[in-house]
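Engineer: Input input.cif, format and content: mmCIF, C-alpha atoms and all ligand atoms.
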```
data_protein
loop_
_atom_site.label_atom_id
_atom_site.label_comp_id
_atom_site.auth_asym_id
_atom_site.auth_seq_id
_atom_site.Cartn_x
_atom_site.Cartn_y
_atom_site.Cartn_z
CA MET A 1 -35.78 23.38 -3.05
CA GLU A 2 -32.64 24.84 -4.61
CA SER A 3 -31.57 22.76 -7.63
CA LYS A 4 -28.14 21.24 -7.24
CA LYS A 5 -25.46 20.97 -9.89
CA VAL A 6 -25.08 17.34 -10.90
CA PHE A 7 -21.47 16.19 -11.35
CA ASP A 8 -20.64 13.54 -13.90
CA VAL A 9 -18.37 11.80 -11.43
CA ALA A 10 -17.70 12.13 -7.71
CA ILE A 11 -14.53 10.73 -6.19
CA ILE A 12 -14.61 10.34 -2.43
CA GLY A 13 -11.13 10.38 -0.91
CA ALA A 14 -8.18 12.23 -2.41
CA GLY A 15 -5.59 9.65 -1.42
CA ALA A 16 -3.45 7.30 -3.49
CA ALA A 17 -6.44 5.70 -5.20
CA GLY A 18 -8.70 8.74 -5.62
CA LEU A 19 -6.00 10.98 -7.08
CA GLN A 20 -4.68 8.30 -9.41
CA LEU A 21 -8.20 7.78 -10.73
CA LEU A 22 -8.65 11.51 -11.21
CA TYR A 23 -5.32 11.61 -13.05
CA GLU A 24 -6.22 8.70 -15.33
CA PHE A 25 -9.57 10.25 -16.21
CA ARG A 26 -7.85 13.41 -17.35
CA GLN A 27 -5.27 11.44 -19.36
CA ASN A 28 -8.04 9.98 -21.47
CA GLN A 29 -9.93 12.95 -22.88
CA ALA A 30 -12.27 10.73 -24.89
CA VAL A 31 -13.90 9.37 -21.73
CA SER A 32 -12.94 12.04 -19.22
CA PRO A 33 -15.99 13.30 -17.38
CA ALA A 34 -16.59 17.04 -17.86
CA ARG A 35 -17.42 17.76 -14.24
CA ILE A 36 -15.69 15.92 -11.42
CA LEU A 37 -16.28 16.39 -7.73
CA LEU A 38 -13.39 15.45 -5.43
CA VAL A 39 -14.33 15.12 -1.77
CA ASP A 40 -11.73 14.73 0.94
CA SER A 41 -11.78 14.94 4.72
CA GLY A 42 -8.12 15.97 4.85
CA ASP A 43 -6.42 12.98 6.48
CA ARG A 44 -2.91 13.80 5.36
CA SER A 45 -0.95 11.27 7.40
CA GLU A 46 2.53 10.78 5.99
CA LYS A 47 3.00 7.76 3.77
CA SER A 48 5.88 6.51 1.70
CA TRP A 49 4.92 4.91 -1.55
CA CYS A 50 7.55 2.56 -2.92
CA PHE A 51 7.12 0.49 -6.03
CA TRP A 52 9.25 -1.19 -8.68
CA GLN A 53 8.98 -0.51 -12.38
CA GLY A 54 11.18 -0.40 -15.48
CA SER A 55 11.45 2.47 -17.95
CA ASN A 56 8.81 5.23 -17.87
CA PRO A 57 7.60 4.66 -14.32
CA ILE A 58 4.34 6.22 -13.26
CA PHE A 59 4.55 9.79 -11.90
CA GLU A 60 8.23 9.89 -12.84
CA LYS A 61 8.66 13.55 -12.04
CA LEU A 62 7.42 12.97 -8.48
CA ILE A 63 9.93 10.19 -7.77
CA GLU A 64 12.33 11.48 -5.15
CA LYS A 65 14.71 8.56 -5.09
CA LYS A 66 15.29 5.37 -7.07
CA TRP A 67 17.49 2.40 -6.23
CA ASN A 68 18.73 -0.19 -8.67
CA ALA A 69 19.66 -2.73 -6.02
CA LEU A 70 17.70 -4.27 -3.16
CA ALA A 71 18.83 -6.12 -0.06
CA PHE A 72 17.28 -8.76 2.16
CA ILE A 73 18.81 -9.55 5.57
CA ASP A 74 17.99 -12.85 7.23
CA GLU A 75 17.49 -13.66 10.91
CA HIS A 76 21.24 -14.35 11.28
CA GLY A 77 22.20 -10.98 9.82
CA ARG A 78 23.31 -12.41 6.45
CA GLU A 79 22.62 -10.06 3.59
CA ILE A 80 21.47 -10.93 0.09
CA ARG A 81 21.95 -8.02 -2.25
CA ALA A 82 20.95 -7.92 -5.91
CA ALA A 83 20.52 -5.50 -8.79
CA ILE A 84 17.01 -5.41 -10.22
CA ASP A 85 17.85 -4.10 -13.72
CA PRO A 86 16.08 -3.02 -15.84
CA MET A 87 13.75 -2.10 -13.00
CA ARG A 88 14.23 0.44 -10.27
CA TYR A 89 12.74 0.61 -6.79
CA HIS A 90 11.04 4.02 -6.63
CA TYR A 91 10.04 6.25 -3.77
CA ILE A 92 7.33 8.92 -3.80
CA SER A 93 6.31 10.63 -0.59
CA SER A 94 2.65 11.31 -0.02
CA ASP A 95 3.50 14.98 0.72
CA THR A 96 5.04 15.44 -2.74
CA PHE A 97 2.13 13.61 -4.33
CA TYR A 98 -0.55 15.73 -2.64
CA GLN A 99 1.41 18.91 -3.26
CA TYR A 100 1.60 18.14 -6.98
CA PHE A 101 -2.10 17.40 -7.27
CA PHE A 102 -3.42 20.31 -5.23
CA THR A 103 -1.05 23.05 -6.40
CA GLU A 104 -0.31 21.97 -9.96
CA PHE A 105 -2.44 19.29 -11.53
CA ILE A 106 -5.95 20.16 -10.31
CA PRO A 107 -5.65 23.97 -10.76
CA ALA A 108 -4.54 23.37 -14.36
CA GLN A 109 -7.66 21.31 -15.15
CA GLU A 110 -11.11 22.52 -15.94
CA GLY A 111 -14.19 21.06 -14.35
CA ILE A 112 -12.73 19.68 -11.11
CA GLU A 113 -14.33 20.92 -7.91
CA VAL A 114 -12.61 20.10 -4.62
CA VAL A 115 -14.70 19.91 -1.47
CA ARG A 116 -13.03 19.62 1.92
CA GLY A 117 -15.20 17.65 4.30
CA MET A 118 -16.27 14.30 5.60
CA ALA A 119 -18.60 12.33 3.32
CA LYS A 120 -21.06 10.57 5.57
CA GLU A 121 -23.40 8.71 3.33
CA VAL A 122 -24.01 8.02 -0.34
CA LYS A 123 -27.57 7.29 -1.40
CA SER A 124 -28.84 6.44 -4.82
CA ASN A 125 -31.99 8.12 -6.07
CA THR A 126 -33.71 7.29 -9.33
CA GLU A 127 -31.28 9.25 -11.51
CA ASN A 128 -28.17 10.04 -9.53
CA PHE A 129 -26.31 9.52 -6.29
CA ASP A 130 -26.58 11.94 -3.39
CA ILE A 131 -23.48 12.42 -1.29
CA TRP A 132 -24.34 13.61 2.17
CA MET A 133 -21.63 15.36 4.13
CA ALA A 134 -21.15 15.37 7.91
CA ASP A 135 -21.88 19.13 7.94
CA GLY A 136 -25.31 18.56 6.34
CA GLU A 137 -24.29 19.71 2.85
CA HIS A 138 -25.04 17.41 -0.04
CA TYR A 139 -23.92 16.93 -3.65
CA ALA A 140 -25.27 14.96 -6.58
CA ALA A 141 -23.30 12.89 -9.10
CA LYS A 142 -24.12 10.46 -11.87
CA GLN A 143 -21.35 8.07 -10.82
CA VAL A 144 -19.52 7.70 -7.49
CA PHE A 145 -16.05 6.25 -6.82
CA ASP A 146 -15.61 5.75 -3.12
CA SER A 147 -12.29 5.12 -1.33
CA ARG A 148 -13.64 5.36 2.20
CA PHE A 149 -12.47 2.28 3.99
CA ASN A 150 -15.46 0.75 5.72
CA PRO A 151 -14.55 -0.08 9.33
CA ALA A 152 -16.70 -3.21 9.05
CA ASP A 153 -14.15 -4.51 6.54
CA ARG A 154 -11.56 -4.40 9.29
CA LEU A 155 -13.12 -7.55 10.69
CA THR A 156 -11.27 -9.64 8.18
CA HIS A 157 -11.15 -13.40 8.34
CA ALA A 158 -7.63 -13.19 9.69
CA GLY A 159 -8.00 -9.89 11.50
CA LEU A 160 -4.42 -9.27 10.53
CA TYR A 161 -2.75 -5.88 10.07
CA GLN A 162 0.52 -4.55 8.85
CA HIS A 163 1.50 -1.76 11.24
CA PHE A 164 4.24 0.73 10.44
CA TYR A 165 6.38 2.92 12.63
CA GLY A 166 9.16 4.81 10.86
CA LYS A 167 11.61 7.63 11.41
CA PHE A 168 13.26 9.85 8.83
CA ILE A 169 16.66 10.50 10.34
CA ARG A 170 19.66 12.62 9.47
CA MET A 171 23.24 11.96 10.54
CA ASP A 172 26.34 14.12 10.65
CA SER A 173 28.58 11.53 9.05
CA PRO A 174 27.99 8.91 6.30
CA MET A 175 26.12 5.89 7.59
CA PHE A 176 24.10 4.40 4.76
CA ASP A 177 24.74 2.96 1.33
CA ALA A 178 22.54 5.25 -0.75
CA GLU A 179 22.54 2.82 -3.70
CA VAL A 180 20.71 -0.03 -1.96
CA ALA A 181 17.28 -0.12 -0.33
CA THR A 182 16.74 -2.85 2.26
CA LEU A 183 13.36 -4.44 1.65
CA MET A 184 13.33 -6.64 4.73
CA ASP A 185 15.74 -7.01 7.60
CA PHE A 186 14.93 -9.83 10.03
CA SER A 187 18.21 -9.59 11.92
CA LEU A 188 16.58 -8.19 15.07
CA GLU A 189 15.45 -11.07 17.22
CA GLN A 190 11.67 -11.53 17.35
CA THR A 191 10.69 -10.57 20.87
CA ASP A 192 6.92 -10.88 20.84
CA ALA A 193 5.38 -14.30 20.24
CA SER A 194 2.13 -12.72 19.03
CA PHE A 195 3.58 -11.00 15.97
CA SER A 196 6.40 -11.05 13.46
CA CYS A 197 8.40 -8.00 12.72
CA PHE A 198 11.04 -6.75 10.30
CA HIS A 199 12.62 -3.46 9.31
CA TYR A 200 13.14 -1.73 6.04
CA VAL A 201 15.67 0.95 5.26
CA LEU A 202 15.35 3.54 2.51
CA PRO A 203 18.60 5.50 2.32
CA PHE A 204 18.06 8.77 0.42
CA SER A 205 21.71 9.68 0.82
CA GLU A 206 24.65 8.50 2.92
CA THR A 207 23.40 10.64 5.79
CA TYR A 208 19.61 10.62 5.42
CA ALA A 209 17.25 7.63 5.55
CA LEU A 210 13.86 6.30 6.49
CA LEU A 211 14.02 3.32 8.85
CA GLU A 212 10.71 1.65 9.40
CA THR A 213 9.57 -1.03 11.85
CA THR A 214 6.93 -3.22 10.23
CA VAL A 215 4.77 -5.54 12.28
CA PHE A 216 2.34 -8.25 11.17
CA SER A 217 -0.16 -8.41 13.99
CA THR A 218 -3.74 -9.16 14.89
CA GLN A 219 -3.54 -6.64 17.72
CA GLY A 220 -4.24 -2.92 17.46
CA TYR A 221 -1.48 -0.38 16.93
CA GLU A 222 0.98 -0.47 19.85
CA LEU A 223 3.03 2.70 19.51
CA ALA A 224 5.19 2.35 22.64
CA LYS A 225 6.09 -1.22 21.69
CA TYR A 226 7.04 -0.29 18.14
CA GLU A 227 9.10 2.67 19.31
CA ALA A 228 11.03 0.32 21.60
CA ILE A 229 11.58 -2.16 18.76
CA TRP A 230 12.74 0.64 16.46
CA LYS A 231 15.25 1.75 19.10
CA SER A 232 16.56 -1.82 19.60
CA TYR A 233 17.03 -2.13 15.86
CA TRP A 234 18.88 1.17 15.67
CA ASP A 235 21.10 0.23 18.63
CA ARG A 236 21.93 -3.23 17.33
CA ARG A 237 22.33 -2.53 13.67
CA PHE A 238 23.62 1.04 13.62
CA GLY A 239 25.28 1.29 17.03
CA GLY A 240 22.65 3.61 18.44
CA ILE A 241 24.54 6.72 17.42
CA ALA A 242 22.92 10.14 17.68
CA PHE A 243 20.73 11.40 14.84
CA ASP A 244 18.37 14.25 14.08
CA LEU A 245 14.78 13.15 13.80
CA VAL A 246 13.27 14.83 10.75
CA LYS A 247 9.80 13.32 10.92
CA GLU A 248 7.90 10.16 11.83
CA GLU A 249 5.59 7.91 9.84
CA LYS A 250 2.85 5.76 11.37
CA GLY A 251 0.08 3.75 9.80
CA SER A 252 -1.72 0.46 9.40
CA ILE A 253 -3.16 -1.46 6.51
CA PRO A 254 -5.38 -4.52 6.51
CA MET A 255 -3.81 -7.80 5.43
CA SER A 256 -6.94 -9.42 4.19
CA ILE A 257 -8.06 -11.65 1.38
CA SER A 258 -11.69 -11.37 2.39
CA SER A 259 -13.70 -10.17 -0.58
CA PHE A 260 -13.77 -6.45 -0.74
CA ALA A 261 -16.65 -5.70 -3.09
CA LEU A 262 -15.63 -3.71 -6.13
CA GLU A 263 -19.12 -2.27 -6.25
CA ASP A 264 -21.80 -1.63 -3.68
CA ASN A 265 -25.31 -0.70 -4.87
CA GLY A 266 -23.86 1.00 -7.93
CA ILE A 267 -21.18 2.84 -5.94
CA ILE A 268 -17.78 1.86 -7.27
CA ARG A 269 -15.20 1.19 -4.62
CA ILE A 270 -11.55 2.00 -5.14
CA GLY A 271 -8.30 1.78 -3.20
CA THR A 272 -7.97 -0.04 0.10
CA ALA A 273 -11.76 -0.21 0.25
CA ALA A 274 -11.75 -2.27 -2.95
CA GLY A 275 -9.05 -4.66 -1.74
CA GLN A 276 -6.31 -3.03 -3.82
CA VAL A 277 -3.74 -3.40 -1.05
CA LYS A 278 -2.02 -6.72 -1.73
CA ALA A 279 -2.95 -8.82 1.26
CA SER A 280 0.39 -10.49 1.86
CA THR A 281 2.73 -7.55 1.24
CA GLY A 282 0.85 -4.26 1.69
CA TYR A 283 2.01 -2.94 -1.69
CA ALA A 284 -0.75 -1.02 -3.40
CA PHE A 285 0.45 2.02 -5.29
CA THR A 286 0.94 0.43 -8.73
CA ARG A 287 -2.06 -1.84 -8.20
CA MET A 288 -4.23 1.23 -7.71
CA ASN A 289 -2.73 2.76 -10.83
CA GLU A 290 -3.54 -0.34 -12.84
CA ASP A 291 -7.03 -0.40 -11.36
CA ALA A 292 -7.59 3.27 -12.31
CA ARG A 293 -6.52 2.52 -15.88
CA GLN A 294 -8.87 -0.45 -16.01
CA ILE A 295 -11.78 1.65 -14.74
CA VAL A 296 -11.11 4.47 -17.21
CA GLY A 297 -10.51 2.01 -20.05
CA GLY A 298 -13.69 0.07 -19.24
CA MET A 299 -11.73 -3.14 -18.65
CA SER A 300 -12.31 -5.93 -16.15
CA ARG A 301 -10.88 -5.13 -12.70
CA LYS A 302 -10.71 -8.74 -11.57
CA LYS A 303 -7.33 -10.22 -10.62
CA PRO A 304 -6.19 -13.83 -11.23
CA THR A 305 -7.64 -15.95 -8.45
CA ARG A 306 -4.57 -18.12 -7.85
CA PHE A 307 -2.76 -15.13 -6.34
CA ARG A 308 -5.50 -14.81 -3.76
CA PHE A 309 -4.79 -18.39 -2.79
CA TYR A 310 -1.06 -17.70 -2.42
CA ASP A 311 -1.87 -14.64 -0.32
CA ARG A 312 -4.15 -16.75 1.80
CA LEU A 313 -1.39 -19.30 2.38
CA LEU A 314 1.06 -16.67 3.50
CA LEU A 315 -1.51 -14.95 5.72
CA SER A 316 -2.35 -18.29 7.27
CA ILE A 317 1.33 -18.84 8.11
CA ILE A 318 1.72 -15.29 9.46
CA ASN A 319 -1.36 -15.81 11.58
CA ASN A 320 -0.76 -19.31 12.88
CA ASP A 321 2.96 -19.95 12.52
CA THR A 322 4.24 -16.42 12.88
CA ALA A 323 7.61 -17.48 14.31
CA LYS A 324 8.38 -19.22 11.00
CA ILE A 325 8.06 -16.06 8.91
CA PRO A 326 11.75 -15.03 9.07
CA PHE A 327 12.74 -18.53 7.92
CA VAL A 328 10.16 -18.61 5.10
CA MET A 329 11.30 -15.21 3.86
CA SER A 330 14.98 -16.09 3.99
CA GLN A 331 14.31 -19.31 2.03
CA LEU A 332 12.49 -17.24 -0.59
CA PHE A 333 15.21 -14.62 -0.99
CA LYS A 334 18.01 -17.20 -0.86
CA SER A 335 16.58 -19.43 -3.56
CA VAL A 336 14.76 -17.12 -5.96
CA SER A 337 16.24 -14.17 -7.83
CA MET A 338 15.09 -10.70 -6.80
CA PRO A 339 13.47 -9.84 -10.18
CA ARG A 340 11.54 -13.16 -10.05
CA ILE A 341 10.32 -12.37 -6.56
CA LEU A 342 9.21 -8.90 -7.65
CA ALA A 343 7.33 -10.31 -10.65
CA PHE A 344 5.64 -12.83 -8.34
CA LEU A 345 4.65 -10.10 -5.85
CA ASP A 346 3.34 -8.06 -8.76
CA GLU A 347 1.18 -11.04 -9.78
CA LYS A 348 2.91 -11.00 -13.17
CA SER A 349 4.66 -14.39 -12.87
CA THR A 350 3.66 -17.47 -14.84
CA LEU A 351 2.27 -20.62 -13.24
CA SER A 352 5.46 -22.55 -13.97
CA GLN A 353 7.55 -19.82 -12.31
CA GLU A 354 5.26 -19.98 -9.30
CA ILE A 355 5.65 -23.75 -9.03
CA LYS A 356 9.43 -23.29 -9.05
CA ILE A 357 9.17 -20.63 -6.34
CA PHE A 358 7.01 -22.80 -4.09
CA SER A 359 9.34 -25.76 -4.62
CA GLN A 360 12.09 -23.70 -2.93
CA LEU A 361 9.97 -22.93 0.14
CA PRO A 362 9.39 -25.10 3.26
CA ILE A 363 7.06 -27.49 1.51
CA ARG A 364 5.55 -29.17 4.60
CA LEU A 365 4.61 -25.85 6.11
CA PHE A 366 2.92 -24.72 2.89
CA LEU A 367 1.14 -28.04 2.45
CA LYS A 368 -0.15 -27.84 6.02
CA HIS A 369 -1.59 -24.38 5.38
CA ALA A 370 -2.80 -25.30 1.89
CA TRP A 371 -4.73 -28.20 3.43
CA LYS A 372 -6.13 -25.98 6.15
CA ASN A 373 -7.25 -23.34 3.69
CA PHE A 374 -8.50 -25.69 1.01
CA PHE A 375 -11.09 -26.94 3.47
CA SER A 376 -11.82 -23.62 5.15
CA ALA A 377 -15.24 -22.07 4.54
CA LYS A 378 -13.99 -18.86 2.85
C1 LIG A 401 2.64 3.99 6.46
C2 LIG A 401 2.25 3.33 5.17
C3 LIG A 401 3.21 3.05 4.22
C4 LIG A 401 2.85 2.46 3.00
N1 LIG A 401 3.82 2.20 2.09
C5 LIG A 401 3.48 1.69 0.90
C6 LIG A 401 4.47 1.48 -0.11
O1 LIG A 401 5.67 1.71 0.12
N2 LIG A 401 4.10 1.01 -1.31
C7 LIG A 401 2.79 0.74 -1.60
O2 LIG A 401 2.50 0.33 -2.72
N3 LIG A 401 1.83 0.89 -0.66
C8 LIG A 401 2.14 1.36 0.57
N4 LIG A 401 1.16 1.54 1.52
C9 LIG A 401 -0.19 1.02 1.24
C10 LIG A 401 -1.10 1.92 0.37
O3 LIG A 401 -0.44 2.31 -0.81
C11 LIG A 401 -1.55 3.16 1.09
O4 LIG A 401 -2.22 2.81 2.27
C12 LIG A 401 -2.46 4.03 0.22
O5 LIG A 401 -2.38 5.34 0.72
C13 LIG A 401 -3.91 3.57 0.20
O6 LIG A 401 -4.62 4.36 -0.70
P1 LIG A 401 -6.17 4.72 -0.49
O7 LIG A 401 -6.54 5.71 -1.52
O8 LIG A 401 -6.96 3.49 -0.35
O9 LIG A 401 -6.20 5.40 0.94
P2 LIG A 401 -5.55 6.81 1.40
O10 LIG A 401 -4.34 7.11 0.59
O11 LIG A 401 -5.45 6.70 2.85
O12 LIG A 401 -6.66 7.84 0.99
C14 LIG A 401 -7.96 7.86 1.54
C15 LIG A 401 -8.43 9.30 1.48
O13 LIG A 401 -9.81 9.31 1.83
C16 LIG A 401 -10.07 10.42 2.65
N5 LIG A 401 -11.26 10.08 3.44
C17 LIG A 401 -11.38 9.07 4.33
N6 LIG A 401 -12.64 9.06 4.82
C18 LIG A 401 -13.29 10.06 4.19
C19 LIG A 401 -14.63 10.55 4.26
N7 LIG A 401 -15.55 9.96 5.05
N8 LIG A 401 -14.97 11.61 3.49
C20 LIG A 401 -14.06 12.19 2.67
N9 LIG A 401 -12.79 11.76 2.57
C21 LIG A 401 -12.42 10.71 3.31
C22 LIG A 401 -8.80 10.63 3.47
O14 LIG A 401 -8.67 11.98 3.86
C23 LIG A 401 -7.71 10.21 2.47
O15 LIG A 401 -7.18 11.33 1.79
C24 LIG A 401 1.50 2.12 2.75
C25 LIG A 401 0.54 2.39 3.72
C26 LIG A 401 0.90 2.98 4.92
C27 LIG A 401 -0.18 3.22 5.94
#
```
Take the structure in this file and express it as structure tokens.
Structural biologist:
Amino acid sequence: MESKKVFDVAIIGAGAAGLQLLYEFRQNQAVSPARILLVDSGDRSEKSWCFWQGSNPIFEKLIEKKWNALAFIDEHGREIRAAIDPMRYHYISSDTFYQYFFTEFIPAQEGIEVVRGMAKEVKSNTENFDIWMADGEHYAAKQVFDSRFNPADRLTHAGLYQHFYGKFIRMDSPMFDAEVATLMDFSLEQTDASFSCFHYVLPFSETYALLETTVFSTQGYELAKYEAIWKSYWDRRFGGIAFDLVKEEKGSIPMSISSFALEDNGIIRIGTAAGQVKASTGYAFTRMNEDARQIVGGMSRKKPTRFRFYDRLLLSIINNDTAKIPFVMSQLFKSVSMPRILAFLDEKSTLSQEIKIFSQLPIRLFLKHAWKNFFSAK
């Protein structure tokens, strides 16, 4: 049998997690593996990666737009707007990210081999791992980082998803305030008892923006429904005026606190597959960056457990008291400063700050769900 080249590391999935890990390996020459295999099936669905950071944000040259103020709009249409200095809310499009990696970063590196194809199975043998591809090809590596999201993990304890439907639109005349990104807008009446829904608006200029319908739901993706909601939002909030559709964005992420294993028979999981998407918010980009740094630096990847409990509380409310979500969110944004909220969502707040935050929220509702979850099996 023909002897195969053995890679030091194989990364399955060249998405947000896989490429950030590749990047971090090459930033740390002391531990960077000489030969890296990058396997990707080529799912290049459009994604917008937003995150907040202060000076020297990650991938600064790929950031297409930054905002220094954020807005929240409650169910009555009242807006809370606040600067987030010294932080900025950053936007990187997945297109720009992939473009950078595949035309600039990877070609400039030695020892990275890119394979286009569907990884089907990873098996460990006595010395290495064999990666079997759908086309029958196989590769060997000493260590495997796998970002394939196992469909079995979709059966989460809540079965809850965050579904996205967005449109990048261009107008003839100024329509948006390009200095402020709207994180959540609950002003559109909730029309479906089975899910809660809000919109976010990322204005890249006064005439160009991404408007996205976001739905917390246990149901599958319902495109026609979300398109109709998007249109209602546009009609109500922006008068339904004509626009040019530049492109659309669709996607779903699991909202789950069920334990995603960080490792599976020696195969190291990364990204969504490793539970790096924050269960209650869907933010993941900086979490994956931190995770990549921890892997490369040989540090513990575990996160403080109390944040899992907070996530569980919020998921429990979304799941069982979904109609109360707009109220809970407006209480949060009304009573807690934007930077404090961002630190909390980043899991960088202190326990005393968290107690203060919870004291501002509908306490009975949280106690009800805390009770329910404290005694639940998981
Ligand atoms: C529409 C949308 C908007 C989002 N917005 C934000 C945001 O603003 N901020 C934020 O922090 N997070 C956001 N997220 C969440 C999260 O950051 C993204 O989902 C992120 O892309 C997840 O990274 P990942 O590496 O786990 O998966 P992906 O980025 O999806 O990458 C997985 C890669 O694996 C490849 N692959 C899959 N199966 C195989 C296989 N069998 N063999 C080989 N390759 C395979 C795919 O081709 C893909 O390239 C958003 C998610 C969605 C869906």
Engineer: Looking at all atoms listed in the file, which of A:Pro33, A:Gly166, A:Pro326, A:Gly54 is the one that sits closest to ligand LIG 401 (chain A)?
Structural biologist: A:Gly166
Engineer: How would you report the residues lying within 6 Å of ligand LIG 401 (chain A), as a count of residues only, if you count only C-alpha atoms and all ligand atoms?
Structural biologist: 35
Engineer: Considering all atoms listed in the file, can you say which of A:Ile63, A:Trp52, A:Gly111, A:Gly240 comes closest to Thr96 (chain A)?
Structural biologist: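 Nearest candidate to Thr96 (chain A) out of A:Ile63, A:Trp52, A:Gly111, A:Gly240: A:Ile63.
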Engineer: Would you mind telling me which residue in A:Phe168, A:Ser256, A:Ala242, A:Gly298 lies nearest to Thr213 (chain A) when using only C-alpha atoms?
Structural biologist: A:Phe168
Engineer: Please determine the residues with any atom at most 12 Å from (11.3, -15.4, -8.7) (coordinates as given in the file, with all atoms listed in the file counting) and report them as a VMD selection string.
Structural biologist: chain A and resid 84 331 to 361
Engineer: Residues within 7 Å of Leu313 (chain A), please, as a compact mmCIF listing (two decimals) with C-alpha atoms, in the frame of the given file. Count only C-alpha atoms; anything in the same chain fewer than 4 positions from it doesn't count.
Structural biologist:
```txt
# COMPACT_ATOMS: atom_id res chain seq x y z
CA PHE A 309 -4.79 -18.39 -2.79
CA ILE A 317 1.33 -18.84 8.11
CA PHE A 366 2.92 -24.72 2.89
CA HIS A 369 -1.59 -24.38 5.38
CA ALA A 370 -2.80 -25.30 1.89
```
Engineer: Find the residue from A:Glu290, A:Glu227, A:Glu206, A:Asp146 that sits nearest to Glu263 (chain A); use all atoms listed in the file when measuring.
Structural biologist: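 The closest residue to Glu263 (chain A) is A:Asp146.
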Engineer: Quote the spacing between CA of Ala10 (chain A) and CA of Asp95 (chain A) in Å to one decimal place.
Structural biologist: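 Here the two named atoms are 23.0 Å from each other.
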Engineer: Do you have the CA of Gln219 (chain A)-CA of Asp311 (chain A) distance handy?
Structural biologist: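 Between CA of Gln219 (chain A) and CA of Asp311 (chain A) the gap works out to 19.8 Å.
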Engineer: Will you model N, CA and C atoms for region 109-120 of chain A and pass it back as a compact mmCIF listing (two decimals), in the coordinates of the input?
Structural biologist:
```
# COMPACT_ATOMS: atom_id res chain seq x y z
N GLN A 109 -6.59 22.03 -14.46
CA GLN A 109 -7.66 21.31 -15.15
C GLN A 109 -8.96 22.09 -15.06
N GLU A 110 -9.78 21.93 -16.04
CA GLU A 110 -11.11 22.52 -15.94
C GLU A 110 -12.09 21.48 -15.43
N GLY A 111 -13.09 21.94 -14.72
CA GLY A 111 -14.19 21.06 -14.35
C GLY A 111 -13.96 20.18 -13.14
N ILE A 112 -12.92 20.48 -12.33
CA ILE A 112 -12.73 19.68 -11.11
C ILE A 112 -13.04 20.58 -9.91
N GLU A 113 -14.00 20.16 -9.12
CA GLU A 113 -14.33 20.92 -7.91
C GLU A 113 -13.89 20.13 -6.68
N VAL A 114 -13.11 20.79 -5.82
CA VAL A 114 -12.61 20.10 -4.62
C VAL A 114 -13.43 20.56 -3.42
N VAL A 115 -13.95 19.59 -2.68
CA VAL A 115 -14.70 19.91 -1.47
C VAL A 115 -13.98 19.30 -0.28
N ARG A 116 -13.66 20.12 0.69
CA ARG A 116 -13.03 19.62 1.92
C ARG A 116 -14.13 19.26 2.91
N GLY A 117 -14.18 18.04 3.33
CA GLY A 117 -15.20 17.65 4.30
C GLY A 117 -15.36 16.15 4.35
N MET A 118 -16.09 15.73 5.33
CA MET A 118 -16.27 14.30 5.60
C MET A 118 -17.55 13.81 4.91
N ALA A 119 -17.41 12.93 3.94
CA ALA A 119 -18.60 12.33 3.32
C ALA A 119 -19.18 11.32 4.31
N LYS A 120 -20.46 11.43 4.55
CA LYS A 120 -21.06 10.57 5.57
C LYS A 120 -21.81 9.41 4.95
```
